$ cat target36.cif   # mmCIF, C-alpha atoms
data_start
loop_
_atom_site.group_PDB
_atom_site.id
_atom_site.type_symbol
_atom_site.label_atom_id
_atom_site.label_comp_id
_atom_site.auth_asym_id
_atom_site.auth_seq_id
_atom_site.Cartn_x
_atom_site.Cartn_y
_atom_site.Cartn_z
ATOM 1 C CA MET A 1 -16.585 6.923 -3.731
ATOM 2 C CA ARG A 2 -16.415 4.605 -0.733
ATOM 3 C CA ILE A 3 -12.756 3.919 0.013
ATOM 4 C CA GLY A 4 -11.793 1.335 2.618
ATOM 5 C CA VAL A 5 -8.977 2.420 4.931
ATOM 6 C CA ALA A 6 -7.204 -0.291 6.935
ATOM 7 C CA ARG A 7 -6.837 0.966 10.487
ATOM 8 C CA ASP A 8 -6.047 -1.241 13.470
ATOM 9 C CA ARG A 9 -3.042 -2.406 15.503
ATOM 10 C CA ALA A 10 -1.304 -3.732 12.387
ATOM 11 C CA PHE A 11 -1.952 -0.685 10.173
ATOM 12 C CA CYS A 12 -1.826 2.560 12.074
ATOM 13 C CA PHE A 13 0.419 5.013 10.231
ATOM 14 C CA TYR A 14 -1.113 7.558 7.860
ATOM 15 C CA TYR A 15 -0.416 11.157 7.063
ATOM 16 C CA HIS A 16 -3.596 12.739 8.430
ATOM 17 C CA GLU A 17 -3.498 15.177 5.518
ATOM 18 C CA ASN A 18 -3.804 12.239 3.088
ATOM 19 C CA LEU A 19 -7.139 11.242 4.570
ATOM 20 C CA LEU A 20 -8.335 14.843 4.463
ATOM 21 C CA GLU A 21 -7.224 15.098 0.825
ATOM 22 C CA LEU A 22 -9.265 12.054 -0.154
ATOM 23 C CA GLU A 23 -12.312 13.444 1.646
ATOM 24 C CA ARG A 24 -11.788 16.821 -0.021
ATOM 25 C CA HIS A 25 -12.140 15.097 -3.392
ATOM 26 C CA GLY A 26 -15.368 13.402 -2.353
ATOM 27 C CA ALA A 27 -14.270 10.119 -0.778
ATOM 28 C CA ASP A 28 -16.372 8.468 1.914
ATOM 29 C CA LEU A 29 -13.721 6.776 4.057
ATOM 30 C CA VAL A 30 -14.743 3.423 5.530
ATOM 31 C CA TYR A 31 -12.358 2.282 8.266
ATOM 32 C CA PHE A 32 -11.945 -1.430 8.836
ATOM 33 C CA SER A 33 -9.571 -3.901 10.469
ATOM 34 C CA PRO A 34 -7.842 -6.523 8.269
ATOM 35 C CA LEU A 35 -7.199 -8.344 11.545
ATOM 36 C CA GLU A 36 -10.845 -8.738 12.467
ATOM 37 C CA ASP A 37 -13.275 -7.495 9.818
ATOM 38 C CA GLN A 38 -14.614 -8.664 6.517
ATOM 39 C CA LEU A 39 -13.686 -6.490 3.550
ATOM 40 C CA PRO A 40 -16.320 -3.720 3.456
ATOM 41 C CA ASP A 41 -18.391 -2.786 0.411
ATOM 42 C CA VAL A 42 -16.064 -0.236 -1.187
ATOM 43 C CA GLU A 43 -14.734 0.900 -4.572
ATOM 44 C CA GLY A 44 -11.088 1.192 -3.476
ATOM 45 C CA LEU A 45 -8.628 0.371 -0.694
ATOM 46 C CA TYR A 46 -5.897 2.330 1.091
ATOM 47 C CA ILE A 47 -3.607 0.238 3.308
ATOM 48 C CA GLY A 48 -1.095 2.353 5.206
ATOM 49 C CA GLY A 49 1.984 1.620 7.235
ATOM 50 C CA GLY A 50 2.265 -0.096 10.571
ATOM 51 C CA TYR A 51 3.465 -3.371 12.051
ATOM 52 C CA PRO A 52 2.019 -6.335 10.129
ATOM 53 C CA GLU A 53 5.020 -8.413 11.205
ATOM 54 C CA LEU A 54 3.757 -8.302 14.800
ATOM 55 C CA TYR A 55 0.353 -9.662 13.791
ATOM 56 C CA ALA A 56 1.310 -11.852 10.833
ATOM 57 C CA SER A 57 -0.277 -15.015 12.222
ATOM 58 C CA GLN A 58 -3.594 -13.269 12.831
ATOM 59 C CA LEU A 59 -3.496 -11.551 9.437
ATOM 60 C CA GLU A 60 -2.910 -14.927 7.790
ATOM 61 C CA ARG A 61 -6.015 -16.399 9.459
ATOM 62 C CA ALA A 62 -8.307 -13.402 8.939
ATOM 63 C CA PRO A 63 -10.920 -13.543 6.142
ATOM 64 C CA ALA A 64 -9.952 -10.136 4.711
ATOM 65 C CA ARG A 65 -6.691 -11.580 3.340
ATOM 66 C CA LYS A 66 -8.343 -13.691 0.627
ATOM 67 C CA GLN A 67 -11.080 -11.117 0.054
ATOM 68 C CA ILE A 68 -8.493 -8.442 -0.723
ATOM 69 C CA LYS A 69 -6.699 -10.733 -3.162
ATOM 70 C CA LYS A 70 -9.967 -11.347 -5.002
ATOM 71 C CA ALA A 71 -10.714 -7.621 -5.059
ATOM 72 C CA SER A 72 -7.274 -7.015 -6.557
ATOM 73 C CA GLU A 73 -7.835 -9.682 -9.210
ATOM 74 C CA ASP A 74 -11.184 -8.037 -10.014
ATOM 75 C CA GLY A 75 -9.388 -4.750 -10.705
ATOM 76 C CA MET A 76 -10.290 -2.760 -7.604
ATOM 77 C CA PRO A 77 -7.860 0.184 -7.097
ATOM 78 C CA ILE A 78 -5.676 -0.645 -4.092
ATOM 79 C CA TYR A 79 -2.859 1.504 -2.760
ATOM 80 C CA GLY A 80 -0.472 0.299 -0.043
ATOM 81 C CA GLU A 81 2.405 1.951 1.822
ATOM 82 C CA CYS A 82 5.229 0.041 3.548
ATOM 83 C CA GLY A 83 3.200 -2.143 5.903
ATOM 84 C CA GLY A 84 0.587 -2.210 3.177
ATOM 85 C CA LEU A 85 3.231 -3.452 0.732
ATOM 86 C CA MET A 86 4.224 -6.208 3.158
ATOM 87 C CA TYR A 87 0.605 -7.286 3.561
ATOM 88 C CA LEU A 88 -0.258 -7.177 -0.144
ATOM 89 C CA GLY A 89 2.687 -9.438 -1.023
ATOM 90 C CA ALA A 90 2.631 -13.220 -1.098
ATOM 91 C CA ALA A 91 4.341 -13.891 2.239
ATOM 92 C CA LEU A 92 6.085 -12.341 5.224
ATOM 93 C CA GLU A 93 9.170 -14.019 6.685
ATOM 94 C CA SER A 94 10.373 -13.260 10.228
ATOM 95 C CA GLU A 95 11.960 -14.976 13.223
ATOM 96 C CA ALA A 96 8.451 -16.093 14.176
ATOM 97 C CA GLY A 97 8.066 -18.025 10.923
ATOM 98 C CA SER A 98 6.667 -17.736 7.418
ATOM 99 C CA PHE A 99 3.151 -16.375 6.999
ATOM 100 C CA LYS A 100 0.890 -16.088 3.975
ATOM 101 C CA MET A 101 -0.235 -12.574 3.142
ATOM 102 C CA ALA A 102 -2.814 -11.329 0.639
ATOM 103 C CA GLY A 103 -0.904 -12.453 -2.461
ATOM 104 C CA ALA A 104 -2.026 -9.475 -4.553
ATOM 105 C CA LEU A 105 1.567 -8.544 -5.446
ATOM 106 C CA PRO A 106 4.451 -10.804 -6.600
ATOM 107 C CA CYS A 107 6.831 -10.317 -3.685
ATOM 108 C CA THR A 108 7.912 -11.687 -0.316
ATOM 109 C CA THR A 109 8.988 -9.531 2.617
ATOM 110 C CA PHE A 110 11.839 -10.484 4.946
ATOM 111 C CA MET A 111 12.216 -8.801 8.335
ATOM 112 C CA GLU A 112 15.722 -7.658 9.274
ATOM 113 C CA LYS A 113 17.263 -6.693 12.606
ATOM 114 C CA ARG A 114 18.815 -3.496 11.268
ATOM 115 C CA LEU A 115 17.255 -0.379 9.806
ATOM 116 C CA MET A 116 17.046 -0.766 6.026
ATOM 117 C CA ALA A 117 15.916 2.742 5.055
ATOM 118 C CA LEU A 118 15.111 6.075 6.673
ATOM 119 C CA GLY A 119 14.700 9.422 4.967
ATOM 120 C CA TYR A 120 12.846 11.607 2.524
ATOM 121 C CA VAL A 121 11.959 10.267 -0.905
ATOM 122 C CA LYS A 122 11.390 11.874 -4.278
ATOM 123 C CA ALA A 123 9.963 9.761 -7.088
ATOM 124 C CA GLU A 124 8.730 10.164 -10.632
ATOM 125 C CA VAL A 125 5.835 8.083 -11.929
ATOM 126 C CA SER A 126 7.059 5.952 -14.844
ATOM 127 C CA GLU A 127 4.197 3.499 -15.429
ATOM 128 C CA ARG A 128 0.412 3.476 -15.196
ATOM 129 C CA ASN A 129 -1.036 2.995 -11.724
ATOM 130 C CA PRO A 130 -4.204 3.899 -9.785
ATOM 131 C CA LEU A 131 -2.639 6.742 -7.773
ATOM 132 C CA ALA A 132 -0.827 9.192 -10.070
ATOM 133 C CA ASP A 133 -0.344 10.013 -13.738
ATOM 134 C CA VAL A 134 2.860 9.142 -15.597
ATOM 135 C CA GLY A 135 5.396 11.951 -15.303
ATOM 136 C CA ARG A 136 4.086 13.204 -11.967
ATOM 137 C CA SER A 137 6.509 13.727 -9.064
ATOM 138 C CA LEU A 138 5.739 12.229 -5.665
ATOM 139 C CA ARG A 139 7.295 13.141 -2.341
ATOM 140 C CA GLY A 140 7.205 11.480 1.044
ATOM 141 C CA HIS A 141 9.406 9.351 3.266
ATOM 142 C CA GLU A 142 10.473 5.761 3.914
ATOM 143 C CA PHE A 143 11.258 4.010 7.191
ATOM 144 C CA HIS A 144 11.470 0.243 7.472
ATOM 145 C CA TYR A 145 13.313 -2.761 8.895
ATOM 146 C CA SER A 146 12.400 -5.107 6.071
ATOM 147 C CA ARG A 147 13.478 -5.939 2.551
ATOM 148 C CA CYS A 148 11.169 -6.933 -0.248
ATOM 149 C CA ILE A 149 12.176 -9.550 -2.821
ATOM 150 C CA CYS A 150 10.064 -9.439 -5.988
ATOM 151 C CA ASP A 151 9.583 -11.828 -8.869
ATOM 152 C CA ARG A 152 11.960 -11.252 -11.777
ATOM 153 C CA ASP A 153 9.126 -10.055 -14.029
ATOM 154 C CA ALA A 154 7.666 -7.695 -11.404
ATOM 155 C CA ARG A 155 6.605 -4.263 -12.671
ATOM 156 C CA TYR A 156 7.422 -0.988 -10.913
ATOM 157 C CA CYS A 157 5.786 2.390 -11.483
ATOM 158 C CA LEU A 158 8.170 4.698 -9.603
ATOM 159 C CA LYS A 159 11.741 5.794 -10.328
ATOM 160 C CA LEU A 160 13.484 7.376 -7.357
ATOM 161 C CA SER A 161 15.849 10.317 -7.542
ATOM 162 C CA ARG A 162 16.099 10.263 -3.738
ATOM 163 C CA GLY A 163 15.572 7.299 -1.426
ATOM 164 C CA LYS A 164 16.055 3.524 -1.677
ATOM 165 C CA GLY A 165 12.643 2.065 -2.508
ATOM 166 C CA ILE A 166 12.252 -1.665 -3.122
ATOM 167 C CA ALA A 167 15.314 -2.268 -5.308
ATOM 168 C CA ASP A 168 17.730 -0.409 -7.585
ATOM 169 C CA GLY A 169 16.029 2.949 -7.183
ATOM 170 C CA ARG A 170 12.630 1.528 -8.047
ATOM 171 C CA ASP A 171 9.467 1.471 -5.965
ATOM 172 C CA GLY A 172 5.742 1.155 -6.475
ATOM 173 C CA LEU A 173 5.133 -2.486 -7.340
ATOM 174 C CA VAL A 174 2.120 -2.815 -9.657
ATOM 175 C CA GLU A 175 -0.158 -5.752 -10.471
ATOM 176 C CA ASN A 176 -3.679 -5.449 -11.907
ATOM 177 C CA ASN A 177 -4.892 -2.149 -10.398
ATOM 178 C CA THR A 178 -2.948 -2.628 -7.167
ATOM 179 C CA MET A 179 0.062 -0.462 -6.300
ATOM 180 C CA ALA A 180 2.269 -0.559 -3.205
ATOM 181 C CA GLY A 181 5.756 0.481 -2.183
ATOM 182 C CA TYR A 182 7.938 1.528 0.708
ATOM 183 C CA LEU A 183 7.196 5.186 -0.048
ATOM 184 C CA HIS A 184 4.779 6.890 2.322
ATOM 185 C CA THR A 185 3.441 9.387 -0.202
ATOM 186 C CA HIS A 186 2.322 12.792 1.012
ATOM 187 C CA PHE A 187 -0.803 13.476 -1.022
ATOM 188 C CA TYR A 188 -0.130 17.215 -1.084
ATOM 189 C CA SER A 189 2.522 16.354 -3.690
ATOM 190 C CA VAL A 190 -0.111 14.603 -5.828
ATOM 191 C CA SER A 191 -3.821 15.230 -6.006
ATOM 192 C CA GLY A 192 -5.977 12.572 -4.407
ATOM 193 C CA ASN A 193 -8.355 13.072 -7.318
ATOM 194 C CA LYS A 194 -6.582 10.476 -9.518
ATOM 195 C CA PHE A 195 -7.225 7.709 -6.994
ATOM 196 C CA ILE A 196 -10.859 8.809 -6.711
ATOM 197 C CA GLU A 197 -11.185 8.689 -10.506
ATOM 198 C CA SER A 198 -9.654 5.201 -10.542
ATOM 199 C CA CYS A 199 -12.274 4.079 -8.029
ATOM 200 C CA ARG A 200 -15.046 5.678 -10.086
ATOM 201 C CA ALA A 201 -13.881 3.877 -13.216
ATOM 202 C CA TYR A 202 -13.828 0.580 -11.298
ATOM 203 C CA ARG A 203 -17.399 1.090 -10.098
ATOM 204 C CA ARG A 204 -18.582 1.742 -13.673
ATOM 205 C CA SER A 205 -16.874 -1.369 -15.037
#

$ encode --input "target36.cif" --output "structure tokens"
Amino acid sequence: MRIGVARDRAFCFYYHENLLELERHGADLVYFSPLEDQLPDVEGLYIGGGYPELYASQLERAPARKQIKKASEDGMPIYGECGGLMYLGAALESEAGSFKMAGALPCTTFMEKRLMALGYVKAEVSERNPLADVGRSLRGHEFHYSRCICDRDARYCLKLSRGKGIADGRDGLVENNTMAGYLHTHFYSVSGNKFIESCRAYRRS
């Protein structure tokens, strides 16, 4: 499976082991820049952490923003972490202004001056998603200076026993086949094979 991986100045944080885990399960990783590139021809997307708030104006203007929303609406498996969550939401609000983001998820991110979360996270998968089966435990960390406000009918796929997440011990916002949260998941706690299988099912559809 060809999986697009966002990697540029705005999205630069990944556990290296996560990328190796995807390759171990047969993924062909295609790196691209949401700041500058068109969305590549892929069967899935992985958008990691970083600093989208520093490049919000450029992200708003870039063609990949609308292309990713369409891919999400078409059912492509998309997984985002922290900065990826901020980008996949409807808008990003900061001192610099309000900027449109991809709009694949029903949320808006607000930048804060103080640290909102820092620490290890343990979560259990509670709803269907493209990354992990229901009942599976995920581990990783969270570190962010933003808060995410979601629509009242937003759906979450993770329940946290440790960590803050998006709200009320919940994380992993889900819409269509797109999933994103503040959790930086370490894939050694969950096989990368499920995401590969989600991408394979999307290609067959």

$ atom_distance --input "target36.cif" --atom1 "CA of Gly26 in chain A" --atom2 "CA of Arg9 in chain A"
26.8 Å

$ resolve_selection --input "target36.cif" --expression "the PyMOL selection byres ((chain A and resi 108-121) around 6)" --output "number ranges by chain"
A: 86, 89-94, 107, 122, 139-149, 162-163

$ resolve_selection --input "target36.cif" --expression "the PyMOL selection byres ((chain A and resi 180-187) around 6)" --output "PyMOL selection string"
chain A and resi 18+79-82+85+139-142+165+171-173+179+188-190

$ residues_around --input "target36.cif" --residues "Glu124 in chain A" --least-positions-apart "3" --cutoff "10 Å" --atoms "all atoms listed in the file" --output "VMD selection string"
chain A and resid 127 132 to 139 157 to 161 170 to 171

$ closest_residue --input "target36.cif" --among "A:Ile196, A:Leu105, A:Ala64, A:Leu29" --to "Tyr156 in chain A" --atoms "all atoms listed in the file"
A:Leu105

$ closest_residue --input "target36.cif" --among "A:Arg2, A:Arg61, A:Arg155, A:Lys164" --to "Ala123 in chain A" --atoms "only C-alpha atoms"
A:Lys164

$ resolve_selection --input "target36.cif" --expression "the PyMOL selection byres ((chain A and resi 131) around 6)" --output "PyMOL selection string"
chain A and resi 129-130+132+194-195

$ decode --input "target36.cif" --residues "range 6-49 of chain A" --atoms "N, CA and C atoms" --output "JSON list (two decimals), in the first residue's frame"
[["chain", "number", "residue", "atom", "x", "y", "z"],
["A", 6, "ALA", "N", 2.89, 13.12, 5.66],
["A", 6, "ALA", "CA", 3.14, 14.57, 5.62],
["A", 6, "ALA", "C", 4.45, 14.87, 6.35],
["A", 7, "ARG", "N", 5.39, 15.44, 5.65],
["A", 7, "ARG", "CA", 6.67, 15.77, 6.29],
["A", 7, "ARG", "C", 7.22, 17.06, 5.68],
["A", 8, "ASP", "N", 7.21, 18.11, 6.48],
["A", 8, "ASP", "CA", 7.78, 19.39, 6.09],
["A", 8, "ASP", "C", 7.96, 20.23, 7.34],
["A", 9, "ARG", "N", 8.05, 21.55, 7.20],
["A", 9, "ARG", "CA", 8.27, 22.41, 8.36],
["A", 9, "ARG", "C", 7.08, 22.39, 9.32],
["A", 10, "ALA", "N", 5.88, 22.17, 8.78],
["A", 10, "ALA", "CA", 4.68, 22.19, 9.61],
["A", 10, "ALA", "C", 4.43, 20.86, 10.30],
["A", 11, "PHE", "N", 4.88, 19.76, 9.69],
["A", 11, "PHE", "CA", 4.64, 18.42, 10.23],
["A", 11, "PHE", "C", 5.96, 17.66, 10.24],
["A", 12, "CYS", "N", 6.57, 17.61, 11.39],
["A", 12, "CYS", "CA", 7.93, 17.10, 11.46],
["A", 12, "CYS", "C", 8.16, 16.12, 12.61],
["A", 13, "PHE", "N", 7.13, 15.84, 13.41],
["A", 13, "PHE", "CA", 7.35, 14.92, 14.53],
["A", 13, "PHE", "C", 6.70, 13.57, 14.28],
["A", 14, "TYR", "N", 7.53, 12.53, 14.24],
["A", 14, "TYR", "CA", 7.06, 11.15, 14.14],
["A", 14, "TYR", "C", 7.97, 10.28, 14.99],
["A", 15, "TYR", "N", 7.39, 9.28, 15.63],
["A", 15, "TYR", "CA", 8.24, 8.21, 16.15],
["A", 15, "TYR", "C", 8.82, 7.49, 14.93],
["A", 16, "HIS", "N", 10.15, 7.43, 14.86],
["A", 16, "HIS", "CA", 10.79, 6.76, 13.72],
["A", 16, "HIS", "C", 10.34, 5.30, 13.64],
["A", 17, "GLU", "N", 10.13, 4.70, 14.80],
["A", 17, "GLU", "CA", 9.71, 3.30, 14.83],
["A", 17, "GLU", "C", 8.34, 3.11, 14.16],
["A", 18, "ASN", "N", 7.48, 4.14, 14.22],
["A", 18, "ASN", "CA", 6.17, 4.03, 13.56],
["A", 18, "ASN", "C", 6.32, 3.86, 12.05],
["A", 19, "LEU", "N", 7.22, 4.63, 11.48],
["A", 19, "LEU", "CA", 7.45, 4.54, 10.03],
["A", 19, "LEU", "C", 8.04, 3.18, 9.67],
["A", 20, "LEU", "N", 8.96, 2.70, 10.49],
["A", 20, "LEU", "CA", 9.53, 1.38, 10.26],
["A", 20, "LEU", "C", 8.47, 0.28, 10.37],
["A", 21, "GLU", "N", 7.54, 0.45, 11.33],
["A", 21, "GLU", "CA", 6.49, -0.53, 11.53],
["A", 21, "GLU", "C", 5.56, -0.60, 10.32],
["A", 22, "LEU", "N", 5.23, 0.54, 9.75],
["A", 22, "LEU", "CA", 4.40, 0.54, 8.55],
["A", 22, "LEU", "C", 5.12, -0.13, 7.38],
["A", 23, "GLU", "N", 6.40, 0.17, 7.23],
["A", 23, "GLU", "CA", 7.18, -0.47, 6.16],
["A", 23, "GLU", "C", 7.31, -1.97, 6.39],
["A", 24, "ARG", "N", 7.43, -2.38, 7.63],
["A", 24, "ARG", "CA", 7.55, -3.79, 7.96],
["A", 24, "ARG", "C", 6.31, -4.57, 7.52],
["A", 25, "HIS", "N", 5.16, -3.89, 7.55],
["A", 25, "HIS", "CA", 3.91, -4.53, 7.13],
["A", 25, "HIS", "C", 3.61, -4.28, 5.65],
["A", 26, "GLY", "N", 4.57, -3.79, 4.91],
["A", 26, "GLY", "CA", 4.43, -3.71, 3.47],
["A", 26, "GLY", "C", 4.07, -2.35, 2.90],
["A", 27, "ALA", "N", 4.09, -1.31, 3.71],
["A", 27, "ALA", "CA", 3.74, 0.02, 3.21],
["A", 27, "ALA", "C", 4.88, 0.63, 2.39],
["A", 28, "ASP", "N", 4.51, 1.30, 1.32],
["A", 28, "ASP", "CA", 5.43, 2.12, 0.54],
["A", 28, "ASP", "C", 5.15, 3.56, 0.95],
["A", 29, "LEU", "N", 6.03, 4.15, 1.76],
["A", 29, "LEU", "CA", 5.79, 5.48, 2.29],
["A", 29, "LEU", "C", 6.15, 6.55, 1.26],
["A", 30, "VAL", "N", 5.19, 7.44, 1.03],
["A", 30, "VAL", "CA", 5.36, 8.52, 0.05],
["A", 30, "VAL", "C", 5.33, 9.84, 0.81],
["A", 31, "TYR", "N", 6.48, 10.47, 0.98],
["A", 31, "TYR", "CA", 6.56, 11.72, 1.73],
["A", 31, "TYR", "C", 6.15, 12.90, 0.85],
["A", 32, "PHE", "N", 5.38, 13.80, 1.46],
["A", 32, "PHE", "CA", 4.94, 14.98, 0.72],
["A", 32, "PHE", "C", 4.76, 16.14, 1.70],
["A", 33, "SER", "N", 4.66, 17.34, 1.15],
["A", 33, "SER", "CA", 4.51, 18.54, 1.95],
["A", 33, "SER", "C", 3.12, 19.13, 1.76],
["A", 34, "PRO", "N", 2.26, 19.14, 2.80],
["A", 34, "PRO", "CA", 0.97, 19.83, 2.68],
["A", 34, "PRO", "C", 1.12, 21.32, 2.44],
["A", 35, "LEU", "N", 2.30, 21.86, 2.72],
["A", 35, "LEU", "CA", 2.55, 23.28, 2.47],
["A", 35, "LEU", "C", 2.75, 23.58, 1.00],
["A", 36, "GLU", "N", 3.31, 22.62, 0.26],
["A", 36, "GLU", "CA", 3.75, 22.92, -1.10],
["A", 36, "GLU", "C", 3.27, 21.95, -2.16],
["A", 37, "ASP", "N", 2.96, 20.72, -1.79],
["A", 37, "ASP", "CA", 2.69, 19.68, -2.79],
["A", 37, "ASP", "C", 1.20, 19.41, -2.97],
["A", 38, "GLN", "N", 0.89, 18.85, -4.12],
["A", 38, "GLN", "CA", -0.41, 18.25, -4.33],
["A", 38, "GLN", "C", -0.47, 16.95, -3.52],
["A", 39, "LEU", "N", -1.68, 16.50, -3.21],
["A", 39, "LEU", "CA", -1.83, 15.21, -2.55],
["A", 39, "LEU", "C", -1.37, 14.12, -3.50],
["A", 40, "PRO", "N", -0.42, 13.27, -3.07],
["A", 40, "PRO", "CA", 0.07, 12.22, -3.97],
["A", 40, "PRO", "C", -0.95, 11.11, -4.17],
["A", 41, "ASP", "N", -0.68, 10.24, -5.12],
["A", 41, "ASP", "CA", -1.55, 9.10, -5.42],
["A", 41, "ASP", "C", -1.28, 8.02, -4.40],
["A", 42, "VAL", "N", -2.11, 7.95, -3.38],
["A", 42, "VAL", "CA", -1.89, 7.02, -2.26],
["A", 42, "VAL", "C", -3.21, 6.39, -1.84],
["A", 43, "GLU", "N", -3.11, 5.34, -1.00],
["A", 43, "GLU", "CA", -4.29, 4.67, -0.47],
["A", 43, "GLU", "C", -4.57, 5.04, 0.98],
["A", 44, "GLY", "N", -3.71, 5.83, 1.60],
["A", 44, "GLY", "CA", -3.89, 6.25, 2.98],
["A", 44, "GLY", "C", -2.99, 7.42, 3.31],
["A", 45, "LEU", "N", -3.28, 8.09, 4.44],
["A", 45, "LEU", "CA", -2.50, 9.26, 4.85],
["A", 45, "LEU", "C", -2.16, 9.17, 6.33],
["A", 46, "TYR", "N", -0.94, 9.59, 6.66],
["A", 46, "TYR", "CA", -0.47, 9.68, 8.04],
["A", 46, "TYR", "C", 0.07, 11.10, 8.21],
["A", 47, "ILE", "N", -0.58, 11.88, 9.09],
["A", 47, "ILE", "CA", -0.20, 13.27, 9.30],
["A", 47, "ILE", "C", 0.23, 13.41, 10.76],
["A", 48, "GLY", "N", 1.52, 13.56, 10.99],
["A", 48, "GLY", "CA", 2.06, 13.57, 12.34],
["A", 48, "GLY", "C", 1.99, 14.93, 13.01],
["A", 49, "GLY", "N", 2.75, 15.05, 14.08],
["A", 49, "GLY", "CA", 2.77, 16.28, 14.85],
["A", 49, "GLY", "C", 3.70, 17.32, 14.25]]
